[in-house]
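Data first, discussion second: the structure below is written as structure tokens.
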Protein chains: 2
Amino acid sequence: MTFIDETHVPTRRSWVESAQGDGTDFPIQNLPYGVFRRGGSGEPRIGVAIGDAILDVRGAAEAGLIDGLGGALTGSTLNAFLAAGDGAWRTTRRAVATLLDAGTATLRDDATGRGRLLVAQADAEMLVPTAIGDYTDFYCSIHHATNVGSMFRPDNPLMPNYKHLPVGYHGRASSIVASGQPVRRPQGQTIAADADAPTFGPSRLLDYEMEMGFFTGPGNATGERIAMREASRHIFGMCIVNDWSARDVQKWEYQPLGPFNAKNFLTTISPWIVTLHALAPYRVAGPPRAADDPPLLEYLQPADDMGVDIVVEVLIASEAMRAAGQAPVRVSRGNFRDLYWTIAQMLAHHTSTGCPMRPGDLLASGTVSGPTEDARGCLLERTWRGQQPIDLPDGTQRKFLQDGDEVIMRAWCERSGAVRIGFGSCRGVVQPAG
Amino acid sequence: MTFIDETHVPTRRSWVESAQGDGTDFPIQNLPYGVFRRGGSGEPRIGVAIGDAILDVRGAAEAGLIDGLGGALTGSTLNAFLAAGDGAWRTTRRAVATLLDAGTATLRDDATGRGRLLVAQADAEMLVPTAIGDYTDFYCSIHHATNVGSMFRPDNPLMPNYKHLPVGYHGRASSIVASGQPVRRPQGQTIAADADAPTFGPSRLLDYEMEMGFFTGPGNATGERIAMREASRHIFGMCIVNDWSARDVQKWEYQPLGPFNAKNFLTTISPWIVTLHALAPYRVAGPPRAADDPPLLEYLQPADDMGVDIVVEVLIASEAMRAAGQAPVRVSRGNFRDLYWTIAQMLAHHTSTGCPMRPGDLLASGTVSGPTEDARGCLLERTWRGQQPIDLPDGTQRKFLQDGDEVIMRAWCERSGAVRIGFGSCRGVVQPAG
């Protein structure tokens, strides 16, 4: 529990009223970073979520209320701040926590300053928080890998490498958008089960994947590695990732080089980065390895508690449900701690050949599925390739996503003795193919 | 042959003496763009190669000799110029060609101006010319795919999708370096043929892949596509790509999601981007499809001649050879026109699901192998997994690369009636594992 400091005191309170109680994802113990724009226009600014508001961090730095770190907090992305490293992250976290603390009069008693530096989240447009240099997607849920594998290779669902290394592949950084952006159903090349030749048209098997991602800090030079014991200093924080997937495109294209067009049309992330410091009370040991699991190679041996206890949840609301005022229906609930590999192992493995990480890169976990049916994090698994459709309150069923469906992902941490913190949500509505 | 214009007149000459004759890759008919730094220091500047010199394009723009395009030619990367699009590319090409033409006195007769704006290539450090947002690698040589496939699946070397779409995967942008950077042998997880468990250590099967890449121009918005007939307006130019590969890492890791750590430790590119305009005399029809090949789907139907006749060559010089003053030995020679898919088809397919291209993205072809043994563009194929080692003049043999080996790739275009143009070289020396 390296990162516990005074920012985690459960009785600590903010003068921001909406940051109190269990109803918010963003109490003073959280303080996630994002990049926002006021009223859908204006320039991108770094902010910190507090209750239903955003502290304009750039404004606070320019007003001299916190250290602007030589420009690292006044740019239009978080990259420079992530490059500044763990010391800067700690300093700024303490400064922001102090500024927002109920005991600090500076802004609490300054209505003009509050009006200038606190922005209602409802009035802000959230952007992708870093210029993502590279995006990587892993495959770290053994439940997901086993489920998907067993559909295609019933006798041999897990590849021989699965328990030896965190399998991953490179994704497409240019197609990452922030929560709320429309999700146009992709067109693509697919082949029907008994057809001789493929056709090109709208994907018919559009799916989501509930994942968690993490952003890298300072990073490593080409040819260098990040060791397990250093990993936490190179991980700034986490967000929700929806790795939209066209299953019919994927099935036809993916051999022998892996998923490509089936994934690169869009990836949606939640806009707030919950820092590893905020997650400190929820860090747990990595997943226990079974007695018959192979031993880990040394470069993947845990040096610290790098599992994270995060509840993850997927909800769907069809267009008809939204029109009728019906609440979204929960499709699954799982936990990030059930992954077979930790974020430290993902980072150590990724850099083991010397691959350079740059500040602001995004690494995602792969679908977070748990051991039970209701913990399966994508429709491919949840409906078992459509064989077990989900009933929606509007009287329709879902095998895969239909136009008009809204997918809502949520994630949060809670345990007794600590204050609940959340990630906000990651949303997208499916639009018809263009 | 859309792009033929007055810049291609074979009798045209430059007042730069080293740009004359067959000995140079960079006559006035070429004019490739790059980013350089004087004497290994100073700020990165856009330049154009001419003979054995570089025209300082930023300096020329600041001196008012060419239009700076509102800053697009005075930045430290080519991204803004690539975003400016085909009209700007034509205008600048004509302006640079005019400035360097033997008939233009402006610099020809101004020794001071020449001294300021012409930099010897020998005195410059070449950099990666764009900030590469995303890097994609294809698998477009049917000879390469058939050779590699037959090693692992003798009865079924080509996947069913191969003749229907250009197979590709996402690569790692952060590990792309310019020619000349050292190539540290990666460490990685591998498994011996009869072992029960993998080990971690230096790769023993380090290979190169001779590829050609292209840089994108303006690009497309998320959810939009680039049609075949528009492709050439979105392709700025080409370079040589060496996709260094750790074959033992690749074999163990690549299923089911494709190559990852086996490739992301380093990719070397030649620093000069030869424009599609310069390549116009060498554009040819795409590869003929055999009578029994399946018909192309409409979105991949050729709209223009998008094959390119480029000779590609790989040479190796071991450390001992270099010490003894022995010339590098040629390992293979092939031609880019032998690919099964064109660069237009790669771009149209990549964007067919709506994946956004940004200016300066890099797309590579995959290994360029031809139908004959001596046209195989990587050692895996060339030595047939080491079964047919290559004899070097220093008395040693190569199955895969050894420490100290320098790999030199060259590419050029020549035909009667046109002036030979070249890509320069793409080089790297293998360093021991760190």
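Identifiers in the structure tokens: chain A, B, ... in order shown; residue index from 1 per chain; ligand index from 1 in order shown.
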Output as a tab-separated table one row per residue of chain A within 8 Å of chain B: the closest atom pair and its distance in Å to one decimal place, counting only C-alpha atoms, sorted by chain and residue number ascending.
```
residue	atom	partner	partner_atom	distance
A:Gly133	CA	B:Gly133	CA	6.3
A:Asp134	CA	B:Ala173	CA	6.5
A:Met159	CA	B:Gln255	CA	7.0
A:Asn161	CA	B:Glu253	CA	6.5
A:His164	CA	B:Pro198	CA	7.6
A:Val167	CA	B:Glu253	CA	7.0
A:Gly168	CA	B:Phe260	CA	6.7
A:Tyr169	CA	B:Phe260	CA	5.4
A:His170	CA	B:His170	CA	5.3
A:Gly171	CA	B:His170	CA	5.9
A:Arg172	CA	B:His170	CA	6.7
A:Ala173	CA	B:Asp134	CA	6.5
A:Ser174	CA	B:Pro356	CA	6.1
A:Ser175	CA	B:Pro356	CA	6.2
A:Arg184	CA	B:Gly223	CA	6.4
A:Pro186	CA	B:Thr353	CA	4.8
A:Gln187	CA	B:Thr353	CA	5.0
A:Gly188	CA	B:Thr353	CA	5.5
A:Ala197	CA	B:Pro294	CA	7.9
A:Pro198	CA	B:His164	CA	7.6
A:Thr199	CA	B:Leu297	CA	7.2
A:Phe200	CA	B:Leu297	CA	7.2
A:Thr222	CA	B:Ser175	CA	6.7
A:Gly223	CA	B:Arg184	CA	6.4
A:Glu224	CA	B:Gly434	CA	7.9
A:Trp252	CA	B:Asn161	CA	6.7
A:Glu253	CA	B:Asn161	CA	6.5
A:Tyr254	CA	B:Leu257	CA	7.7
A:Gln255	CA	B:Met159	CA	7.0
A:Pro256	CA	B:Gly258	CA	6.6
A:Leu257	CA	B:Gly258	CA	4.2
A:Gly258	CA	B:Leu257	CA	4.2
A:Pro259	CA	B:Leu257	CA	6.5
A:Phe260	CA	B:Tyr169	CA	5.4
A:Asn261	CA	B:Thr353	CA	6.3
A:Ala262	CA	B:Thr353	CA	7.8
A:Asn264	CA	B:Cys355	CA	5.5
A:Phe265	CA	B:Cys355	CA	4.4
A:Leu266	CA	B:Cys355	CA	7.2
A:Pro294	CA	B:Ala197	CA	7.9
A:Leu297	CA	B:Thr199	CA	7.1
A:His350	CA	B:Asn261	CA	6.6
A:Ser352	CA	B:Gly188	CA	6.3
A:Thr353	CA	B:Pro186	CA	4.8
A:Gly354	CA	B:Phe265	CA	5.2
A:Cys355	CA	B:Phe265	CA	4.4
A:Pro356	CA	B:Ser174	CA	6.1
A:Met357	CA	B:Ser174	CA	7.1
A:Arg358	CA	B:Ser174	CA	7.4
A:Gly434	CA	B:Gly223	CA	7.6
```
**Message:** If you run DSSP on the backbone here, which positions in segment 2-250 of chain B get strand (DSSP E)? Please write them as a ChimeraX atom specification.
**Reply:** /B:33-38,45-50,53-56,118-120,124-127,135-138,168-170,176-178,183-184,187-190,199-202,206-207,210-216,235-242,245-246
Write the residues of the preceding selection, restricted to C-alpha atoms, as a short mmCIF file (atom, residue, chain, number, x, y, z; two decimals), in the first residue's frame.
```cif
data_model
loop_
_atom_site.label_atom_id
_atom_site.label_comp_id
_atom_site.auth_asym_id
_atom_site.auth_seq_id
_atom_site.Cartn_x
_atom_site.Cartn_y
_atom_site.Cartn_z
CA TYR B 33 11.26 15.22 -48.43
CA GLY B 34 12.86 14.56 -45.07
CA VAL B 35 13.60 16.15 -41.70
CA PHE B 36 17.21 16.80 -40.78
CA ARG B 37 19.37 18.40 -38.17
CA ARG B 38 22.67 20.09 -38.99
CA ARG B 45 14.13 21.24 -40.23
CA ILE B 46 12.30 20.11 -43.35
CA GLY B 47 14.58 19.50 -46.29
CA VAL B 48 14.60 18.12 -49.84
CA ALA B 49 17.39 15.85 -51.05
CA ILE B 50 19.24 16.94 -54.21
CA ALA B 53 23.04 17.74 -50.56
CA ILE B 54 19.89 18.84 -48.79
CA LEU B 55 17.97 21.96 -49.68
CA ASP B 56 16.96 23.59 -46.39
CA LEU B 118 22.45 23.75 -49.14
CA VAL B 119 23.62 21.31 -46.48
CA ALA B 120 25.84 18.34 -47.27
CA ALA B 124 23.28 16.16 -41.44
CA GLU B 125 21.50 13.83 -39.08
CA MET B 126 18.29 12.49 -40.55
CA LEU B 127 15.22 12.07 -38.32
CA TYR B 135 1.69 2.60 -37.90
CA THR B 136 0.13 -0.29 -39.76
CA ASP B 137 1.84 -3.27 -41.30
CA PHE B 138 0.30 -5.35 -44.07
CA GLY B 168 -2.82 -6.26 -41.95
CA TYR B 169 -2.26 -5.53 -38.30
CA HIS B 170 -1.45 -2.53 -36.16
CA ILE B 176 10.07 3.59 -35.37
CA VAL B 177 13.52 5.07 -35.88
CA ALA B 178 15.41 6.55 -38.80
CA VAL B 183 19.41 -2.23 -33.39
CA ARG B 184 19.68 -3.79 -29.98
CA GLN B 187 15.25 -10.10 -25.11
CA GLY B 188 12.01 -12.00 -25.05
CA GLN B 189 10.06 -15.03 -24.03
CA THR B 190 10.64 -18.07 -26.23
CA THR B 199 12.56 -19.03 -20.99
CA PHE B 200 13.44 -15.34 -21.11
CA GLY B 201 16.60 -14.18 -22.83
CA PRO B 202 18.12 -12.71 -25.98
CA LEU B 206 16.65 -12.13 -35.18
CA ASP B 207 15.51 -11.29 -38.70
CA MET B 210 12.37 -5.74 -46.42
CA GLU B 211 9.24 -3.65 -46.82
CA MET B 212 8.11 -0.44 -48.44
CA GLY B 213 5.89 2.01 -46.56
CA PHE B 214 3.78 5.01 -47.45
CA PHE B 215 2.78 8.14 -45.56
CA THR B 216 -0.79 9.39 -45.57
CA ILE B 235 -0.85 9.09 -50.23
CA PHE B 236 2.05 11.52 -50.03
CA GLY B 237 4.97 9.25 -50.73
CA MET B 238 6.99 6.18 -49.87
CA CYS B 239 10.04 5.00 -47.96
CA ILE B 240 11.90 1.79 -47.16
CA VAL B 241 10.83 -0.03 -43.97
CA ASN B 242 12.84 -2.67 -42.11
CA SER B 245 11.49 -9.41 -36.26
CA ALA B 246 12.39 -11.81 -33.46
#
```
**Request:** Quick one: everything within 7 Å of segment 314-324 of chain A, counting only C-alpha atoms, minus sequence neighbours fewer than 6 positions away in the same chain. Send it as a ChimeraX atom specification.
**Result:** /A:330-333,394,404-410
**Asked** Which is closest to Ile28 of chain A among A:Arg283, A:Arg420, A:Arg247, A:Arg382, if we use only C-alpha atoms?
**Response**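 The shortest atom-to-atom distance to Ile28 of chain A comes from A:Arg420.
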**Request:** Tell me, in Å to one decimal, how far atom CA of Arg12 of chain A is from atom CA of Ile343 of chain A.
**Result:**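 Atom-to-atom, atom CA of Arg12 of chain A and atom CA of Ile343 of chain A are spaced 29.0 Å apart.
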**Message:** Neighbouring residues of Thr24 of chain A were defined as those with any atom within 12 Å, considering only C-alpha atoms; residues of the same chain fewer than 4 positions away were excluded. Please report them as a PyMOL selection string.
**Reply:** chain A and resi 16-20+28-31+49-53+412-413+419-425
Could those selected residues go to a file with N, CA, C and O atoms, as a tab-separated table (two decimals), in the first residue's frame?
```tsv
chain	number	residue	atom	x	y	z
A	16	VAL	N	-17.18	21.32	-1.56
A	16	VAL	CA	-18.11	21.12	-2.68
A	16	VAL	C	-19.18	20.14	-2.23
A	16	VAL	O	-18.90	18.97	-1.97
A	17	GLU	N	-20.41	20.63	-2.08
A	17	GLU	CA	-21.47	19.83	-1.47
A	17	GLU	C	-21.75	18.53	-2.23
A	17	GLU	O	-21.99	17.48	-1.64
A	18	SER	N	-21.71	18.62	-3.58
A	18	SER	CA	-22.05	17.42	-4.37
A	18	SER	C	-20.98	16.34	-4.28
A	18	SER	O	-21.18	15.23	-4.79
A	19	ALA	N	-19.89	16.64	-3.63
A	19	ALA	CA	-18.84	15.63	-3.46
A	19	ALA	C	-19.04	14.78	-2.21
A	19	ALA	O	-18.21	13.92	-1.89
A	20	GLN	N	-20.14	15.02	-1.49
A	20	GLN	CA	-20.41	14.28	-0.25
A	20	GLN	C	-21.29	13.06	-0.54
A	20	GLN	O	-22.08	13.08	-1.46
A	28	ILE	N	-13.65	13.77	-2.53
A	28	ILE	CA	-12.31	14.35	-2.46
A	28	ILE	C	-11.21	13.29	-2.40
A	28	ILE	O	-10.05	13.56	-2.68
A	29	GLN	N	-11.60	12.06	-2.06
A	29	GLN	CA	-10.62	10.97	-2.05
A	29	GLN	C	-10.29	10.48	-3.46
A	29	GLN	O	-9.38	9.68	-3.65
A	30	ASN	N	-11.05	10.92	-4.48
A	30	ASN	CA	-10.81	10.45	-5.84
A	30	ASN	C	-9.93	11.42	-6.64
A	30	ASN	O	-8.77	11.14	-6.89
A	31	LEU	N	-10.48	12.55	-7.01
A	31	LEU	CA	-9.73	13.60	-7.73
A	31	LEU	C	-9.10	13.11	-9.05
A	31	LEU	O	-7.89	13.23	-9.28
A	49	ALA	N	-12.18	16.24	-11.48
A	49	ALA	CA	-13.59	16.09	-11.12
A	49	ALA	C	-13.74	16.12	-9.60
A	49	ALA	O	-12.98	15.49	-8.87
A	50	ILE	N	-14.74	16.88	-9.13
A	50	ILE	CA	-15.07	16.91	-7.71
A	50	ILE	C	-16.60	17.01	-7.63
A	50	ILE	O	-17.19	17.99	-8.08
A	51	GLY	N	-17.24	15.94	-7.10
A	51	GLY	CA	-18.70	15.92	-7.09
A	51	GLY	C	-19.23	16.04	-8.51
A	51	GLY	O	-18.76	15.36	-9.42
A	52	ASP	N	-20.22	16.93	-8.69
A	52	ASP	CA	-20.74	17.09	-10.05
A	52	ASP	C	-20.07	18.26	-10.76
A	52	ASP	O	-20.60	18.78	-11.75
A	53	ALA	N	-18.94	18.66	-10.27
A	53	ALA	CA	-18.23	19.80	-10.86
A	53	ALA	C	-16.84	19.41	-11.35
A	53	ALA	O	-16.39	18.27	-11.15
A	412	TRP	N	-16.44	1.14	-10.39
A	412	TRP	CA	-16.22	1.83	-9.11
A	412	TRP	C	-15.52	0.90	-8.13
A	412	TRP	O	-15.42	-0.31	-8.36
A	413	CYS	N	-15.03	1.49	-7.06
A	413	CYS	CA	-14.34	0.75	-6.01
A	413	CYS	C	-15.06	1.01	-4.69
A	413	CYS	O	-15.34	2.17	-4.36
A	419	VAL	N	-13.56	5.23	1.38
A	419	VAL	CA	-14.61	5.97	0.70
A	419	VAL	C	-14.76	5.43	-0.72
A	419	VAL	O	-13.76	5.24	-1.42
A	420	ARG	N	-16.00	5.17	-1.10
A	420	ARG	CA	-16.27	4.69	-2.46
A	420	ARG	C	-15.82	5.74	-3.48
A	420	ARG	O	-16.10	6.93	-3.36
A	421	ILE	N	-15.11	5.28	-4.50
A	421	ILE	CA	-14.76	6.16	-5.61
A	421	ILE	C	-15.18	5.50	-6.92
A	421	ILE	O	-15.29	4.26	-6.99
A	422	GLY	N	-15.45	6.31	-7.93
A	422	GLY	CA	-15.91	5.74	-9.20
A	422	GLY	C	-15.20	6.33	-10.39
A	422	GLY	O	-14.44	7.31	-10.28
A	423	PHE	N	-15.45	5.73	-11.53
A	423	PHE	CA	-14.81	6.14	-12.79
A	423	PHE	C	-15.75	6.95	-13.67
A	423	PHE	O	-15.39	7.31	-14.79
A	424	GLY	N	-16.96	7.25	-13.19
A	424	GLY	CA	-17.94	7.84	-14.09
A	424	GLY	C	-18.42	6.78	-15.06
A	424	GLY	O	-18.39	5.58	-14.74
A	425	SER	N	-18.83	7.20	-16.23
A	425	SER	CA	-19.35	6.21	-17.18
A	425	SER	C	-18.71	6.37	-18.55
A	425	SER	O	-18.09	7.37	-18.86
```
**Request:** For Ala280 of chain B, list every protein, DNA or RNA residue within 12 Å, evaluated using only C-alpha atoms, and leave out those in the same chain fewer than 3 positions away; present the list as a PyMOL selection string.
**Result:** chain B and resi 1-9+29-30+232+237+274-277+283-285+304-310+413-414+418-419+421
**Request:** To one decimal in Å, tell me the separation between atom CA of Asp67 of chain A and atom CA of Thr91 of chain A.
**Result:**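 If I compute the distance from atom CA of Asp67 of chain A to atom CA of Thr91 of chain A, I get 8.6 Å.
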**Asked** Which of these, B:His234, B:Arg229, B:Thr106, B:Asp391, has the shortest distance to Gly87 of chain B once you count only C-alpha atoms?
**Response**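 Once distances to Gly87 of chain B are computed over only C-alpha atoms, the minimum belongs to B:His234.
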**Pick from B:Thr383, B:Ala344, B:Ile390, B:Gly70 nearest to Ser365 of chain B, counting only C-alpha atoms** =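 Between B:Thr383, B:Ala344, B:Ile390, B:Gly70, the residue approaching Ser365 of chain B most closely is B:Ala344.
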**Request:** Point out the residue among B:Trp15, B:Asp194, B:Gly417, B:Arg337 with the least atom-to-atom distance to Asp110 of chain B, counting only C-alpha atoms.
**Result:**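 Of the candidates, the smallest distance to Asp110 of chain B is held by B:Trp15.
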